[in-house]
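Before any comments, here is the structure.
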Amino acid sequence: MVAITLPDGSERKFDGPVTGAELAADIGPGLAKAALAVRVDGALKDLSAIIETDSDVAIITSKDDDALELLRHDCAHVMAEAVKELYPDTQVTIGPNIENGFFYDFARDTPFVPDDLEKIEARMHEIVKRDETITREVWDRSDAIKFFKDAGEHYKAEIIEGIPGDEEVSLYRQGDFIDLCRGPHLPSTGKLGKAFKLTKLAGAYWRGDSNNEMLQRIYGTCWADKKQLAEYLHMLEEAEKRDHRRLGREMDLFHLQDVAIGSIFWHPKGWTLYRTVQEYMRKRLEDGGYVEVNTPQLVDRGLWEDSGHWEKFRENMFVAEVDESRGGGETHAEGEAIPGAEKEAQTKFLALKPMNCPCHVQIFKQGTTSYRELPIRMAEFGSCHRYEPSGALHGLMRVRAFTQDDAHIFCTEDQIEAETKTFIELLASIYKDFGFEDFVVKFSDRPEVRAGSDDVWDRAEKALMDATVAAGVELVMNPGEGAFYGPKLEFVLRDAIGRDWQCGTHQVDFVLPERLDASYIGEDGAKHRPVMLHRAILGSFERFLGILIEHYAGKFPLWLAPLQIVVATITNAADDYAAEVMEAMEESGLRAELDVRNEKINYKIREHSHAKVPVILVVGANEADAGTVAMRRMGGKDQEILALKEAAARLRDEAAGPLAGG
């Protein structure tokens, strides 16, 4: 007898083992038709999987969150089958599902071209229409290797050779196509539906190693229905229009070039945007009781070894080897060498800091800190460097040189709850000021590889969980994704077109103060270890500015716009008055430019609107005589006639932004 407990708590009993498909049919014909897979005691399995013992079971349909992962996985297999049918000489390698879609890497002498995607996608629809049954087969390892080698699929054979000896080698068959896969899969290709689209081509090294051969990667997206697909494709179109790299060129904000790979050349307007955000953040931190510090960029290897970062992040550090004996021994002030002061040759390794936390501990350790001084909130707009592979770089979003919106709070264990609550309130307020009303909070607990004992992690996780609950925050669990020194909260923003961006973090760290020997004097007169709360709100300025550009599509609110106003003349006869208008804007603290070129006013308006200037003040002979301006807002067709003084006052108040009166 096998007892099956369903999600609603009801129970069904069977005389013997039962498959997921049989269970779905027993519940009802509608469910049997809609069923895609089965979850048994938490594990996702094929519908054909046999349930032999009492289990908690859920039937998965396209309405379940689990379904998307399954659909995308199968879509990759159907694409591979289509490629093999159309281009038989192609080798199939690896094809996982990813966020919003899937990809498959292929080895082929002839490069794919965009027209090939149309052919492959059309053949995929044919395969779906055939409704080929998908079946799982367990093969002998040597037989599987021989099968793929005989078929010319050397990459698949290599993968099988690397599978641990105690693991099954499972293959899935759909029609004449056989692929190596752990599964699970849909019961047939017809269950995939029609809501998929191939999106782009790219190159990829075999196993991600640049020493290996280059493969051809085909990306696609797959959804539960055509409506979801259409919404996603529309989002992609919007994302392309909002691409911060394109807008950065159009708005003359920044550029990138190979002389400084992964670093940003900020132009005057872009740097104005940067400084506006930085000045806002500095004011918010000062009001929040933070003290600002600045620490060295080049730091000796020894500190990184002591902190644990050398072992964890060495491959992402830029390291310089220096000879400290260079230049000889000590000298008198006049430059004459001091006898016997010659230095022995000494080589040191210095690293450009990839993060600020060990340096902040060094400041904390200067002098003696009393418990009465805690918490100490130490902030730095720290310039950091991390080696990112060139292929992973992406405009402002992924760089090698960046400035962290970083701070560390040194506190007692009893203060964690209050500091966490205060931080979340500050973060929420700042996000709202930048135009992000909602965010999701993920709780990331201990990773597999970590520093510190289980007891320390138990305390840290409990402290952070209790503090977050006390702050009234709803959490999404993110197992195993904590930092190597402590659990963390991740704050995920949603932008104007529905994309999620992980920006802020808040981490509880009992480990680093211990490793770097930080202490304070407690009420009992003894030394105690402080708790270190690592926290960031924006993450990095570069990435957050990229997100802001795309969120607003470059159409910033007036307080953020790097160029807020253009004063444009209709005729050169109004040039002198335009200069008066310009002076009035500058006296009101507004960022303005004067356009007195001998061009038609419609041309000027189009050009400045394309550059995303929020306000254009048009002046001609009539405005000069009346002492007025014709104010046009970006994206609007109408204009408002205002007295110059009124226009300056109104725009000054609007541009003051969220810190007005603060």
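Convention: chains lettered A, B, ... in structure tokens order; per-chain residue numbering from 1; ligands numbered from 1 as shown.
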- [ ] Mind the document's chain letters and residue numbers, and return as a PyMOL selection string the residues of region 313-445 of chain A that DSSP labels helix (DSSP H, G or I).
- [x] chain A and resi 313-316+357-364+371-373+390-392+413-433
Task: Test item: residues at most 10 Å from Lys129 (chain A), only C-alpha atoms, excluding those fewer than 5 positions along its chain, as a count of residues only - done: 8
- [ ] Tell me which protein, DNA and RNA residues are within 8 Å of Ala496 (chain A), counting only C-alpha atoms, leaving out same-chain ones fewer than 3 positions away, and put them as a list of chain:residue names.
- [x] A:Arg499, A:His551, A:Tyr552
Let's have the selection written as a CSV table (one decimal), in the first residue's frame, with N, CA and C atoms.
```csv
chain,number,residue,atom,x,y,z
A,499,ARG,N,12.1,44.8,-14.6
A,499,ARG,CA,13.3,44.0,-14.4
A,499,ARG,C,13.7,44.2,-12.9
A,551,HIS,N,16.0,53.0,-16.0
A,551,HIS,CA,14.8,53.2,-15.3
A,551,HIS,C,14.0,54.4,-15.8
A,552,TYR,N,14.7,55.5,-16.0
A,552,TYR,CA,14.1,56.7,-16.5
A,552,TYR,C,14.2,56.9,-18.0
```
Can you list every residue of region 46-104 of chain A that has an atom at most 12 Å from region 32-42 of chain A, with its nearest atom pair and the distance in Å to one decimal, using only C-alpha atoms, ordered by chain then number, as JSON lines?
```
{"residue": "A:Asp46", "atom": "CA", "partner": "A:Ala37", "partner_atom": "CA", "distance": 5.1}
{"residue": "A:Leu47", "atom": "CA", "partner": "A:Ala37", "partner_atom": "CA", "distance": 4.7}
{"residue": "A:Ser48", "atom": "CA", "partner": "A:Ala37", "partner_atom": "CA", "distance": 8.4}
{"residue": "A:Ala49", "atom": "CA", "partner": "A:Val38", "partner_atom": "CA", "distance": 8.1}
{"residue": "A:Ile50", "atom": "CA", "partner": "A:Val40", "partner_atom": "CA", "distance": 9.9}
{"residue": "A:Ile51", "atom": "CA", "partner": "A:Val40", "partner_atom": "CA", "distance": 7.8}
{"residue": "A:Glu52", "atom": "CA", "partner": "A:Val40", "partner_atom": "CA", "distance": 10.7}
{"residue": "A:Thr53", "atom": "CA", "partner": "A:Val40", "partner_atom": "CA", "distance": 10.2}
{"residue": "A:Asp54", "atom": "CA", "partner": "A:Asp41", "partner_atom": "CA", "distance": 9.5}
{"residue": "A:Ser55", "atom": "CA", "partner": "A:Asp41", "partner_atom": "CA", "distance": 5.9}
{"residue": "A:Asp56", "atom": "CA", "partner": "A:Asp41", "partner_atom": "CA", "distance": 5.0}
{"residue": "A:Val57", "atom": "CA", "partner": "A:Val40", "partner_atom": "CA", "distance": 4.7}
{"residue": "A:Ala58", "atom": "CA", "partner": "A:Arg39", "partner_atom": "CA", "distance": 5.1}
{"residue": "A:Ile59", "atom": "CA", "partner": "A:Val38", "partner_atom": "CA", "distance": 4.6}
{"residue": "A:Ile60", "atom": "CA", "partner": "A:Ala37", "partner_atom": "CA", "distance": 5.1}
{"residue": "A:Thr61", "atom": "CA", "partner": "A:Ala35", "partner_atom": "CA", "distance": 4.9}
{"residue": "A:Ser62", "atom": "CA", "partner": "A:Leu36", "partner_atom": "CA", "distance": 7.2}
{"residue": "A:Lys63", "atom": "CA", "partner": "A:Ala34", "partner_atom": "CA", "distance": 9.4}
{"residue": "A:Asp64", "atom": "CA", "partner": "A:Leu36", "partner_atom": "CA", "distance": 9.9}
{"residue": "A:Asp66", "atom": "CA", "partner": "A:Ala37", "partner_atom": "CA", "distance": 9.2}
{"residue": "A:Ala67", "atom": "CA", "partner": "A:Leu36", "partner_atom": "CA", "distance": 7.5}
{"residue": "A:Leu68", "atom": "CA", "partner": "A:Leu36", "partner_atom": "CA", "distance": 10.6}
{"residue": "A:Glu69", "atom": "CA", "partner": "A:Ala37", "partner_atom": "CA", "distance": 11.2}
{"residue": "A:Leu70", "atom": "CA", "partner": "A:Ala37", "partner_atom": "CA", "distance": 8.3}
{"residue": "A:Leu71", "atom": "CA", "partner": "A:Leu36", "partner_atom": "CA", "distance": 8.9}
{"residue": "A:Asp74", "atom": "CA", "partner": "A:Leu36", "partner_atom": "CA", "distance": 11.1}
```
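Put simply, CA of Lys269 (chain A) is 18.1 Å away from CA of Thr403 (chain A).
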Contact table region 208-287 of chain A vs region 420-427 of chain A, cut-off 12 Å, shortest pair per residue, only C-alpha atoms, as a tab-separated table:
```
residue	atom	partner	partner_atom	distance
A:Met281	CA	A:Leu427	CA	10.6
A:Arg284	CA	A:Leu426	CA	8.3
A:Leu285	CA	A:Leu426	CA	8.9
A:Glu286	CA	A:Leu426	CA	11.8
A:Asp287	CA	A:Leu426	CA	10.2
```
